[in-house]
>>> print(open('model.txt').read())   # compact mmCIF, C-alpha atoms and all ligand atoms
# COMPACT_ATOMS: atom_id res chain seq x y z
CA MET O 1 64.95 205.24 69.77
CA VAL O 2 62.13 207.21 71.34
CA PRO O 3 58.39 207.00 70.69
CA SER O 4 55.84 209.67 69.79
CA GLY O 5 52.16 210.12 70.63
CA ALA O 6 49.21 211.22 68.49
CA SER O 7 46.83 212.02 71.34
CA THR O 8 49.28 213.95 73.48
CA GLY O 9 48.44 215.79 76.68
CA ARG O 10 49.03 219.52 76.91
CA PHE O 11 51.35 219.13 79.91
CA GLU O 12 53.71 216.63 78.29
CA ALA O 13 57.38 217.26 77.69
CA VAL O 14 57.91 218.73 74.22
CA GLU O 15 59.11 216.65 71.30
CA LEU O 16 61.36 218.68 69.03
CA ARG O 17 60.60 218.35 65.30
CA ASP O 18 62.11 220.38 62.50
CA ARG O 19 58.72 221.82 61.41
CA GLY O 20 58.27 224.46 58.74
CA ASP O 21 60.19 222.24 56.35
CA LEU O 22 58.93 220.16 53.45
CA ARG O 23 61.46 217.47 54.33
CA LEU O 24 59.54 214.64 56.06
CA GLU O 25 56.65 217.11 56.16
CA GLY O 26 58.33 218.89 59.03
CA MET O 27 58.58 215.74 61.17
CA GLY O 28 62.38 215.46 60.87
CA VAL O 29 64.56 215.49 63.99
CA ARG O 30 67.80 216.96 62.64
CA GLN O 31 67.81 219.73 65.22
CA ALA O 32 67.20 217.27 68.07
CA VAL O 33 70.02 215.06 66.83
CA ARG O 34 72.28 218.11 66.49
CA ASN O 35 71.48 218.99 70.10
CA VAL O 36 72.64 215.53 71.19
CA SER O 37 75.90 215.62 69.29
CA THR O 38 76.83 219.15 70.30
CA GLU O 39 75.45 220.71 73.48
CA ILE O 40 74.35 217.54 75.25
CA ALA O 41 77.55 215.68 74.38
CA SER O 42 79.74 218.49 75.75
CA ALA O 43 77.76 218.49 78.98
CA ILE O 44 77.90 214.76 79.72
CA VAL O 45 80.88 213.18 77.99
CA GLY O 46 83.31 212.21 80.73
CA LEU O 47 80.67 211.78 83.44
CA ASP O 48 80.12 208.40 85.09
CA ALA O 49 77.56 206.43 83.06
CA ASP O 50 76.71 204.38 86.17
CA ASP O 51 75.37 207.51 87.85
CA GLN O 52 72.04 207.73 85.99
CA ALA O 53 70.52 210.17 88.48
CA GLU O 54 73.37 212.66 88.12
CA ILE O 55 73.35 212.49 84.33
CA ASP O 56 69.59 212.99 84.16
CA ARG O 57 69.89 215.90 86.60
CA ARG O 58 72.49 217.53 84.31
CA LEU O 59 70.31 217.00 81.25
CA ILE O 60 67.33 218.66 82.92
CA GLU O 61 69.47 221.56 84.10
CA LEU O 62 71.09 222.00 80.70
CA ASP O 63 67.72 222.26 78.96
CA GLY O 64 66.47 224.70 81.56
CA THR O 65 62.81 224.83 80.48
CA PRO O 66 59.85 223.30 82.35
CA GLN O 67 58.79 221.07 79.45
CA LYS O 68 62.19 220.34 77.88
CA SER O 69 61.26 222.42 74.88
CA ARG O 70 64.71 223.90 74.24
CA LEU O 71 66.75 220.77 73.55
CA GLY O 72 63.70 218.54 73.02
CA ALA O 73 62.42 215.73 75.23
CA ASN O 74 63.18 213.33 72.37
CA ALA O 75 66.86 214.38 72.36
CA ILE O 76 67.02 214.20 76.17
CA LEU O 77 65.23 210.86 76.56
CA GLY O 78 67.30 209.26 73.81
CA THR O 79 70.41 210.32 75.69
CA SER O 80 69.09 209.28 79.09
CA LEU O 81 68.24 205.77 77.87
CA GLY O 82 71.46 205.59 75.86
CA VAL O 83 73.41 206.17 79.06
CA ALA O 84 71.55 203.35 80.84
CA TYR O 85 72.34 200.98 77.96
CA ALA O 86 75.98 202.10 77.86
CA SER O 87 76.36 201.42 81.57
CA ALA O 88 74.76 197.98 81.16
CA GLU O 89 76.95 197.09 78.24
CA ALA O 90 80.16 198.22 79.90
CA ARG O 91 79.47 195.90 82.82
CA GLY O 92 78.01 193.02 80.84
CA LEU O 93 74.50 193.46 82.29
CA SER O 94 71.19 192.91 80.49
CA ALA O 95 68.84 195.88 80.17
CA VAL O 96 66.43 194.41 82.70
CA ALA O 97 69.24 193.90 85.22
CA ARG O 98 70.50 197.47 84.79
CA PHE O 99 67.00 198.96 85.12
CA HIS O 100 66.43 196.86 88.24
CA GLU O 101 69.66 198.22 89.70
CA ILE O 102 68.71 201.84 88.94
CA TRP O 103 65.22 201.25 90.35
CA ASN O 104 66.63 199.94 93.62
CA GLU O 105 69.09 202.84 93.90
CA ALA O 106 66.29 205.33 93.29
CA ARG O 107 64.11 203.64 95.90
CA ARG O 108 66.52 204.42 98.71
CA ASN O 109 66.36 208.14 98.02
CA VAL O 110 62.75 208.67 97.10
CA SER O 111 60.55 206.52 99.30
CA GLN O 112 61.57 208.40 102.40
CA ALA O 113 60.44 211.67 100.83
CA ASN O 114 57.09 210.20 99.81
CA GLN O 115 56.31 209.07 103.34
CA SER O 116 54.82 212.36 104.52
CA LEU O 117 52.49 212.62 101.53
CA ARG O 118 51.35 209.06 102.12
CA ASP O 119 50.60 209.86 105.75
CA ARG O 120 48.42 212.78 104.73
CA ASN O 121 46.73 210.96 101.91
CA SER O 122 43.22 209.65 102.56
CA SER O 123 42.74 205.99 101.87
CA HIS O 124 40.79 206.24 98.60
CA GLY O 125 41.69 203.94 95.77
CA VAL O 126 43.55 200.72 95.83
CA THR O 127 45.43 199.78 98.95
CA HIS O 128 46.62 196.21 98.57
CA LEU O 129 49.71 196.44 96.47
CA ASN O 130 51.26 193.07 97.17
CA ASP O 131 54.68 192.87 95.61
CA LEU O 132 54.40 195.95 93.42
CA GLY O 133 57.74 197.66 93.07
CA GLN O 134 59.36 195.20 95.46
CA ARG O 135 60.65 192.59 93.03
CA MET O 136 60.80 191.83 89.34
CA LEU O 137 57.35 191.04 87.95
CA LEU O 138 56.03 190.03 84.55
CA PRO O 139 53.17 192.47 83.91
CA LEU O 140 49.47 191.97 83.43
CA PRO O 141 48.93 193.26 79.88
CA MET O 142 46.14 195.70 79.03
CA VAL O 143 45.51 195.01 75.36
CA ASN O 144 43.84 197.12 72.69
CA MET O 145 41.12 195.24 70.79
CA ILE O 146 39.13 198.05 69.16
CA SER O 147 40.51 201.51 68.42
CA GLY O 148 38.72 204.82 67.96
CA GLY O 149 39.42 208.48 68.64
CA LEU O 150 42.55 210.00 67.18
CA HIS O 151 44.02 206.53 66.62
CA ALA O 152 41.41 205.36 64.10
CA GLY O 153 40.06 208.34 62.20
CA ARG O 154 37.54 209.11 64.94
CA GLN O 155 35.32 206.23 63.79
CA LEU O 156 34.40 205.94 67.47
CA GLU O 157 34.51 208.60 70.15
CA PHE O 158 36.42 206.59 72.75
CA GLN O 159 40.03 205.77 71.95
CA ASP O 160 40.76 202.24 73.21
CA PHE O 161 38.59 199.24 74.05
CA LEU O 162 40.95 196.92 75.88
CA ILE O 163 41.06 193.52 77.52
CA LEU O 164 42.84 192.58 80.76
CA PRO O 165 43.37 188.81 81.04
CA VAL O 166 43.03 188.92 84.83
CA GLY O 167 42.44 185.18 85.25
CA ALA O 168 45.54 183.97 83.44
CA THR O 169 48.12 182.46 85.75
CA SER O 170 51.23 183.41 83.77
CA TYR O 171 52.22 186.03 81.27
CA SER O 172 52.54 183.47 78.49
CA GLN O 173 49.05 182.16 79.17
CA ALA O 174 47.74 185.73 79.14
CA PHE O 175 49.47 186.25 75.81
CA GLU O 176 47.85 183.14 74.29
CA TRP O 177 44.43 184.33 75.45
CA MET O 178 45.01 187.79 73.98
CA VAL O 179 45.90 186.39 70.58
CA THR O 180 42.96 183.98 70.58
CA ILE O 181 40.52 186.72 71.55
CA TYR O 182 41.94 189.14 68.98
CA ARG O 183 41.53 186.56 66.22
CA ARG O 184 38.03 185.65 67.40
CA LEU O 185 37.14 189.33 67.40
CA GLY O 186 38.12 189.48 63.74
CA ARG O 187 35.63 186.67 63.05
CA VAL O 188 32.90 188.24 65.16
CA LEU O 189 33.31 191.49 63.21
CA THR O 190 32.97 189.65 59.90
CA GLU O 191 29.91 187.74 61.10
CA ARG O 192 28.27 191.00 62.16
CA GLY O 193 28.76 192.70 58.83
CA HIS O 194 32.06 194.52 59.47
CA GLU O 195 34.05 192.56 56.94
CA GLY O 196 37.30 194.12 55.81
CA THR O 197 37.74 196.19 58.98
CA LEU O 198 41.19 197.82 59.04
CA ILE O 199 43.32 198.37 62.11
CA GLY O 200 44.22 201.57 63.97
CA ASP O 201 47.55 203.04 65.07
CA GLU O 202 47.97 200.53 67.88
CA GLY O 203 46.82 197.48 65.95
CA GLY O 204 43.27 197.34 67.35
CA TYR O 205 40.40 196.88 64.88
CA GLY O 206 38.87 200.17 63.71
CA PRO O 207 35.29 199.27 62.75
CA LYS O 208 32.73 201.92 61.95
CA LEU O 209 30.18 201.54 64.74
CA ARG O 210 27.25 203.69 65.80
CA THR O 211 27.98 203.72 69.51
CA ASN O 212 30.78 203.13 71.98
CA ASP O 213 28.82 200.43 73.80
CA GLU O 214 28.61 198.44 70.58
CA ALA O 215 32.41 198.16 70.72
CA ILE O 216 32.22 196.84 74.29
CA GLU O 217 29.58 194.30 73.22
CA LEU O 218 31.84 193.09 70.43
CA VAL O 219 34.79 192.64 72.77
CA VAL O 220 32.61 190.71 75.24
CA ALA O 221 31.40 188.51 72.38
CA ALA O 222 35.00 187.84 71.34
CA ILE O 223 35.96 186.83 74.90
CA GLU O 224 33.03 184.40 74.94
CA ALA O 225 33.91 183.13 71.47
CA ALA O 226 37.33 182.26 72.90
CA GLU O 227 35.51 180.18 75.53
CA LEU O 228 36.67 182.46 78.32
CA LYS O 229 34.55 184.10 80.99
CA PRO O 230 34.10 187.87 80.75
CA GLY O 231 34.96 189.32 84.16
CA ASP O 232 36.50 186.24 85.76
CA ASP O 233 39.02 185.37 83.07
CA VAL O 234 39.17 188.54 81.04
CA ALA O 235 38.03 191.99 82.12
CA ILE O 236 37.56 195.12 80.04
CA GLY O 237 39.31 198.47 80.13
CA LEU O 238 38.57 201.70 78.29
CA ASP O 239 40.83 204.57 77.40
CA VAL O 240 38.19 207.26 77.05
CA ALA O 241 40.88 209.85 76.15
CA SER O 242 38.23 212.44 76.94
CA THR O 243 40.59 215.41 76.68
CA HIS O 244 40.20 215.03 72.94
CA PHE O 245 36.47 215.63 72.88
CA PHE O 246 36.37 218.17 75.71
CA GLU O 247 35.35 221.67 74.61
CA ASP O 248 34.33 224.69 76.67
CA GLY O 249 33.87 222.67 79.83
CA HIS O 250 31.72 220.00 78.22
CA TYR O 251 32.18 216.62 76.58
CA ARG O 252 31.08 216.30 72.97
CA LEU O 253 29.71 212.79 72.42
CA PRO O 254 27.29 212.96 69.48
CA SER O 255 26.60 209.20 69.63
CA VAL O 256 25.22 209.65 73.14
CA SER O 257 23.53 213.01 72.96
CA SER O 258 23.22 215.91 70.52
CA SER O 259 24.03 218.39 73.28
CA PRO O 260 27.44 218.18 74.98
CA LEU O 261 27.58 216.36 78.33
CA SER O 262 28.58 217.83 81.68
CA ALA O 263 31.22 215.98 83.70
CA GLU O 264 28.45 214.66 85.91
CA GLN O 265 26.51 213.29 82.96
CA LEU O 266 29.63 211.60 81.62
CA VAL O 267 30.30 210.05 85.03
CA ASP O 268 26.67 208.81 85.14
CA LEU O 269 27.16 207.21 81.75
CA LEU O 270 30.40 205.51 82.77
CA GLU O 271 28.94 204.36 86.07
CA ASN O 272 26.08 202.77 84.17
CA TRP O 273 28.53 200.92 81.93
CA VAL O 274 30.57 199.76 84.91
CA ALA O 275 27.36 198.20 86.26
CA ARG O 276 26.52 196.54 82.93
CA TYR O 277 29.89 195.35 81.68
CA PRO O 278 32.93 193.72 83.31
CA ILE O 279 34.86 196.99 83.16
CA ILE O 280 37.79 197.12 85.55
CA SER O 281 39.81 200.07 84.27
CA LEU O 282 38.96 203.55 82.95
CA GLU O 283 41.71 205.78 81.58
CA ASP O 284 41.27 209.52 81.17
CA PRO O 285 37.51 209.34 81.81
CA LEU O 286 37.69 213.11 82.38
CA ALA O 287 39.81 215.73 80.66
CA GLU O 288 43.33 216.80 81.63
CA ASP O 289 42.06 220.05 83.22
CA ASP O 290 38.83 218.82 84.75
CA TRP O 291 39.96 218.27 88.34
CA ALA O 292 36.42 218.61 89.67
CA GLY O 293 35.14 215.94 87.27
CA TRP O 294 38.04 213.70 88.22
CA ARG O 295 37.25 214.15 91.87
CA LEU O 296 33.64 213.19 91.24
CA ILE O 297 34.44 209.99 89.38
CA THR O 298 37.00 209.01 92.01
CA GLU O 299 34.37 209.38 94.72
CA ARG O 300 31.82 207.41 92.74
CA LEU O 301 33.98 204.65 91.20
CA GLY O 302 37.40 204.81 92.85
CA ASN O 303 36.83 201.78 95.06
CA ARG O 304 35.56 199.63 92.21
CA VAL O 305 37.56 200.49 89.13
CA GLN O 306 41.12 201.40 88.28
CA LEU O 307 41.00 205.09 87.28
CA VAL O 308 44.10 205.82 85.23
CA GLY O 309 45.46 209.33 84.72
CA ASP O 310 47.31 209.64 81.41
CA ASP O 311 46.84 213.14 79.93
CA LEU O 312 46.00 214.18 83.51
CA PHE O 313 49.34 213.23 85.08
CA VAL O 314 51.67 213.01 82.03
CA THR O 315 54.15 210.95 84.12
CA ASN O 316 54.97 214.16 85.96
CA VAL O 317 55.77 213.99 89.69
CA ALA O 318 54.28 217.43 90.37
CA ARG O 319 51.00 216.63 88.63
CA LEU O 320 50.74 213.20 90.24
CA ARG O 321 51.43 214.75 93.65
CA GLU O 322 48.67 217.28 93.02
CA GLY O 323 46.34 214.42 92.09
CA ILE O 324 47.17 212.52 95.27
CA GLU O 325 46.58 215.62 97.37
CA ARG O 326 43.26 216.34 95.66
CA GLY O 327 42.21 212.68 95.95
CA VAL O 328 41.73 212.04 92.25
CA ALA O 329 42.33 208.83 90.29
CA ASN O 330 43.96 205.72 91.75
CA SER O 331 46.31 204.80 88.95
CA VAL O 332 48.80 206.47 86.63
CA LEU O 333 49.98 205.76 83.11
CA ILE O 334 53.77 205.78 82.88
CA LYS O 335 55.26 206.94 79.56
CA LEU O 336 58.98 207.75 79.40
CA ASN O 337 58.64 210.39 76.72
CA GLN O 338 55.89 212.30 78.52
CA ILE O 339 58.52 213.43 80.99
CA GLY O 340 61.80 212.87 79.15
CA THR O 341 64.34 211.15 81.44
CA LEU O 342 64.60 207.71 82.96
CA SER O 343 65.12 209.09 86.50
CA GLU O 344 62.01 211.28 86.42
CA THR O 345 59.96 208.38 85.07
CA LEU O 346 61.12 206.19 87.96
CA ALA O 347 60.38 208.95 90.47
CA THR O 348 56.76 209.14 89.25
CA LEU O 349 56.48 205.36 89.37
CA ARG O 350 57.83 205.37 92.93
CA LEU O 351 55.49 208.14 94.06
CA ALA O 352 52.55 206.16 92.65
CA ILE O 353 53.46 202.90 94.39
CA ASP O 354 54.24 204.64 97.68
CA ASN O 355 50.76 206.16 97.64
CA GLY O 356 48.71 203.15 96.57
CA TYR O 357 48.29 204.32 92.96
CA LEU O 358 48.64 201.47 90.45
CA PRO O 359 51.17 202.21 87.72
CA VAL O 360 50.61 201.10 84.12
CA VAL O 361 53.74 201.34 81.98
CA SER O 362 52.67 202.36 78.49
CA ALA O 363 53.83 202.65 74.89
CA ARG O 364 52.77 205.48 72.57
CA SER O 365 50.59 205.32 69.47
CA GLY O 366 53.73 206.14 67.48
CA GLU O 367 56.15 203.41 68.51
CA THR O 368 59.47 202.04 67.32
CA GLU O 369 60.74 198.46 67.40
CA ASP O 370 62.59 199.29 70.62
CA ALA O 371 61.36 197.07 73.48
CA THR O 372 62.85 199.02 76.41
CA ILE O 373 59.53 199.39 78.19
CA ALA O 374 59.17 195.60 78.40
CA ASP O 375 62.45 195.47 80.33
CA LEU O 376 61.47 198.51 82.37
CA VAL O 377 58.09 197.19 83.50
CA VAL O 378 59.63 193.88 84.62
CA ALA O 379 62.63 195.51 86.30
CA THR O 380 60.50 197.88 88.37
CA GLY O 381 57.77 195.36 89.23
CA ALA O 382 55.21 197.96 88.15
CA GLY O 383 52.62 195.24 87.52
CA GLN O 384 50.83 196.34 84.33
CA LEU O 385 51.77 197.12 80.73
CA LYS O 386 49.81 198.75 77.92
CA VAL O 387 51.43 198.52 74.49
CA GLY O 388 48.53 198.26 72.06
CA SER O 389 47.20 195.23 70.29
CA VAL O 390 48.71 191.90 69.31
CA ALA O 391 49.28 193.14 65.77
CA ARG O 392 51.94 195.35 64.18
CA SER O 393 55.57 194.46 64.82
CA GLU O 394 56.35 197.48 67.01
CA ARG O 395 53.72 196.11 69.46
CA LEU O 396 54.83 192.48 69.16
CA ALA O 397 58.45 193.50 69.82
CA LYS O 398 57.39 194.30 73.40
CA TYR O 399 55.24 191.19 73.88
CA ASN O 400 58.02 189.02 72.48
CA GLN O 401 60.60 190.57 74.77
CA LEU O 402 58.33 189.71 77.72
CA LEU O 403 58.22 186.08 76.57
CA ARG O 404 62.02 186.08 76.50
CA LEU O 405 62.20 187.65 79.96
CA GLU O 406 59.70 185.13 81.33
CA GLU O 407 61.87 182.35 79.98
CA THR O 408 65.26 183.70 81.02
CA LEU O 409 64.32 185.10 84.45
CA GLY O 410 62.29 182.07 85.48
CA THR O 411 61.41 182.27 89.16
CA HIS O 412 63.40 185.50 89.57
CA ALA O 413 60.35 187.30 88.21
CA GLY O 414 56.89 186.85 89.71
CA TYR O 415 53.47 187.28 88.09
CA LEU O 416 50.47 188.74 89.90
CA GLY O 417 47.92 188.68 87.07
CA GLY O 418 44.56 190.07 88.26
CA GLU O 419 45.87 190.07 91.83
CA VAL O 420 47.69 193.24 90.90
CA PHE O 421 44.44 195.00 91.79
CA GLY O 422 44.42 193.56 95.27
CA SER O 423 41.08 192.70 96.80
CA ALA O 424 39.31 196.03 96.36
CA VAL O 425 38.75 196.38 92.65
CA TYR O 426 39.06 192.95 91.17
CA ARG O 427 36.90 190.84 93.45
CA HIS O 428 34.18 193.43 93.60
CA ARG O 429 33.84 193.46 89.86
CA THR O 430 33.93 189.95 88.63
CA PRO O 431 30.85 188.10 89.84
CA LYS O 432 28.41 190.68 88.54
CA PHE O 433 28.63 190.21 84.81
CA THR O 434 25.78 188.43 83.04
CA ARG O 435 24.49 188.84 79.50
CA ASP O 436 21.17 190.06 80.90
CA ALA O 437 22.87 192.76 82.95
CA ALA O 438 24.74 193.83 79.84
CA ARG O 439 21.49 194.17 77.94
CA GLY O 440 20.28 196.45 80.73
CA ARG O 441 17.57 194.11 82.01
P1 LIG X 501 49.15 208.41 72.46
O1 LIG X 501 48.06 207.36 72.97
O2 LIG X 501 50.46 207.72 72.43
O3 LIG X 501 48.64 208.78 71.10
O4 LIG X 501 49.11 209.55 73.43
C1 LIG X 501 48.26 206.46 74.00
C2 LIG X 501 47.27 206.67 75.11
O5 LIG X 501 46.46 207.63 75.06
O6 LIG X 501 47.28 205.94 76.08
ZN ZN X 502 45.64 207.33 77.15
>>> encode(input="model.txt", output="structure tokens", more="lines below")
Ligand code: PGA
Ligand code: ZN
Amino acid sequence: MVPSGASTGRFEAVELRDRGDLRLEGMGVRQAVRNVSTEIASAIVGLDADDQAEIDRRLIELDGTPQKSRLGANAILGTSLGVAYASAEARGLSAVARFHEIWNEARRNVSQANQSLRDRNSSHGVTHLNDLGQRMLLPLPMVNMISGGLHAGRQLEFQDFLILPVGATSYSQAFEWMVTIYRRLGRVLTERGHEGTLIGDEGGYGPKLRTNDEAIELVVAAIEAAELKPGDDVAIGLDVASTHFFEDGHYRLPSVSSSPLSAEQLVDLLENWVARYPIISLEDPLAEDDWAGWRLITERLGNRVQLVGDDLFVTNVARLREGIERGVANSVLIKLNQIGTLSETLATLRLAIDNGYLPVVSARSGETEDATIADLVVATGAGQLKVGSVARSERLAKYNQLLRLEETLGTHAGYLGGEVFGSAVYRHRTPKFTRDAARGR
């Protein structure tokens, strides 16, 4: 099974759909499946399933296009992951054990190559990476509470209003906090006149609000209603997903201003929010093409906040390398289907860790019940996971798998919690939040 995104980046690998067909409104994948059972099968049947790197290399070569548009990234990723599972099964390994093995094999080849880039790279962003990538780790979850943008009928301009339970001391404690806060948020919404609010694609509430800051206020209120401390126990993240309101070099945010904002004005706005709210992470604050805007926000906020490139980097080694060289962002979202093979995904993850960029393994808005990314994030010790809210079974499948892994791996897997940010971001942020500051006094 492979996932699918609604708010895709332009530079992502291409998902092949049947299109032009009334059947499934054109969303069928008969051609992609045919590609697997014919061309792809003839190219890889008989190869060694334990050699993931070689199989992925063959798949990329066979497709032959830069964005996997000929055979389809969905066909290729399904095969790539299928091979990993086949290898695990043949040797009686669990998925997490097999991914850990592949991750360690890949490390030997790649880290050497990343060394020179790291030497050239200036020291912006996060530098204390602790155990990241070194051992199996249960991740710090980044959890959707309120949804907007393309995931909730554009009721709000920004796409995700998330919580990060940075103060929890284990994954299972983090999970309990997330569920409590989500349920309290439901009550807070009702009390404030948003009764009957439905949920968005990723399970976050989709209330009709006038402004984006109102959503942040609601999330802060829900954290407090759960008797937790905003900032110290639970921080806030936003996925601005700004590519999707970027037009002609400007950002259209009617709730903020009737005329479109320049990158600088948007950065001013976000900087103001970072001062007022316990915000610790900003994803896609600038658009996928706006390198200058990205550079600006990295200079202004890069030592205080995790700046995550999603549409910007699309899990692509070349784009992430360009970002590192240009000194933009300090974190990267990792989505298997943005790039289309397991090996390429791991290479991007490795490049990030080797250069002090924090990886966040992520689901898509269109998910399946497959929980592979839960195993992947633990196996690679990537440190953070973003899979939506604590509602909808395709989300809970991942959270539940993490509970199982926590139980079965025991002390073989560590947990960094908020320490994943090292000293730079996390400690700078937390003491500042007060209700008065939030009200702008
Ligand atoms: P998508 O959204 O799967 O619709 O791209 C997820 C995200 O933007 O992080
Ligand atoms: Zn995103």
>>> closest_residue(input="model.txt", among="O:Asn104, O:Ser258, O:Asn144, O:Asn400", to="ligand ZN 502 (chain X)", atoms="only C-alpha atoms and all ligand atoms")
O:Asn144
>>> residues_around(input="model.txt", residues="stretch 165-172 of chain O", least_positions_apart="3", cutoff="6 Å", atoms="all atoms listed in the file", output="list in words")
Phe175, Asp233, Val234, Gly417 and Gly418 of chain O
>>> residues_around(input="model.txt", residues="stretch 336-340 of chain O", least_positions_apart="5", cutoff="6 Å", atoms="all atoms listed in the file", output="ChimeraX atom specification")
/O:12-13,73,77,314-315,345
>>> residues_near_ligand(input="model.txt", ligand="ligand LIG 501 (chain X)", cutoff="8 Å", atoms="only C-alpha atoms and all ligand atoms", output="list in words")
Ser4, Gly5, Ala6, Ser7, Thr8, Gly9, Leu150, His151, Gln159, Asp239, Ala241, Glu283, Asp310, Asp311, Leu333, Ser362, Ala363, Arg364, Ser365, Gly366 and Lys386 of chain O
>>> closest_residue(input="model.txt", among="O:Thr243, O:Asn303, O:Ala371, O:Pro254", to="ligand ZN 502 (chain X)", atoms="all atoms listed in the file")
O:Thr243
>>> closest_residue(input="model.txt", among="O:Phe11, O:Phe421, O:Trp291, O:Phe245", to="O:Ala318", atoms="all atoms listed in the file")
O:Phe11
>>> atom_distance(input="model.txt", atom1="atom CA of O:Gly186", atom2="atom CA of O:Tyr205")
7.8 Å
>>> residues_near_point(input="model.txt", point="(46.5, 197.6, 66.7)", cutoff="6 Å", atoms="only C-alpha atoms", output="list in words")
Ile199, Gly200, Asp201, Glu202, Gly203, Gly204, Gly388, Ser389 and Ala391 of chain O
>>> write_last_selection(input="model.txt", atoms="C-alpha atoms", output="compact mmCIF listing (two decimals), in the coordinates of the input")
# COMPACT_ATOMS: atom_id res chain seq x y z
CA ILE O 199 43.32 198.37 62.11
CA GLY O 200 44.22 201.57 63.97
CA ASP O 201 47.55 203.04 65.07
CA GLU O 202 47.97 200.53 67.88
CA GLY O 203 46.82 197.48 65.95
CA GLY O 204 43.27 197.34 67.35
CA GLY O 388 48.53 198.26 72.06
CA SER O 389 47.20 195.23 70.29
CA ALA O 391 49.28 193.14 65.77
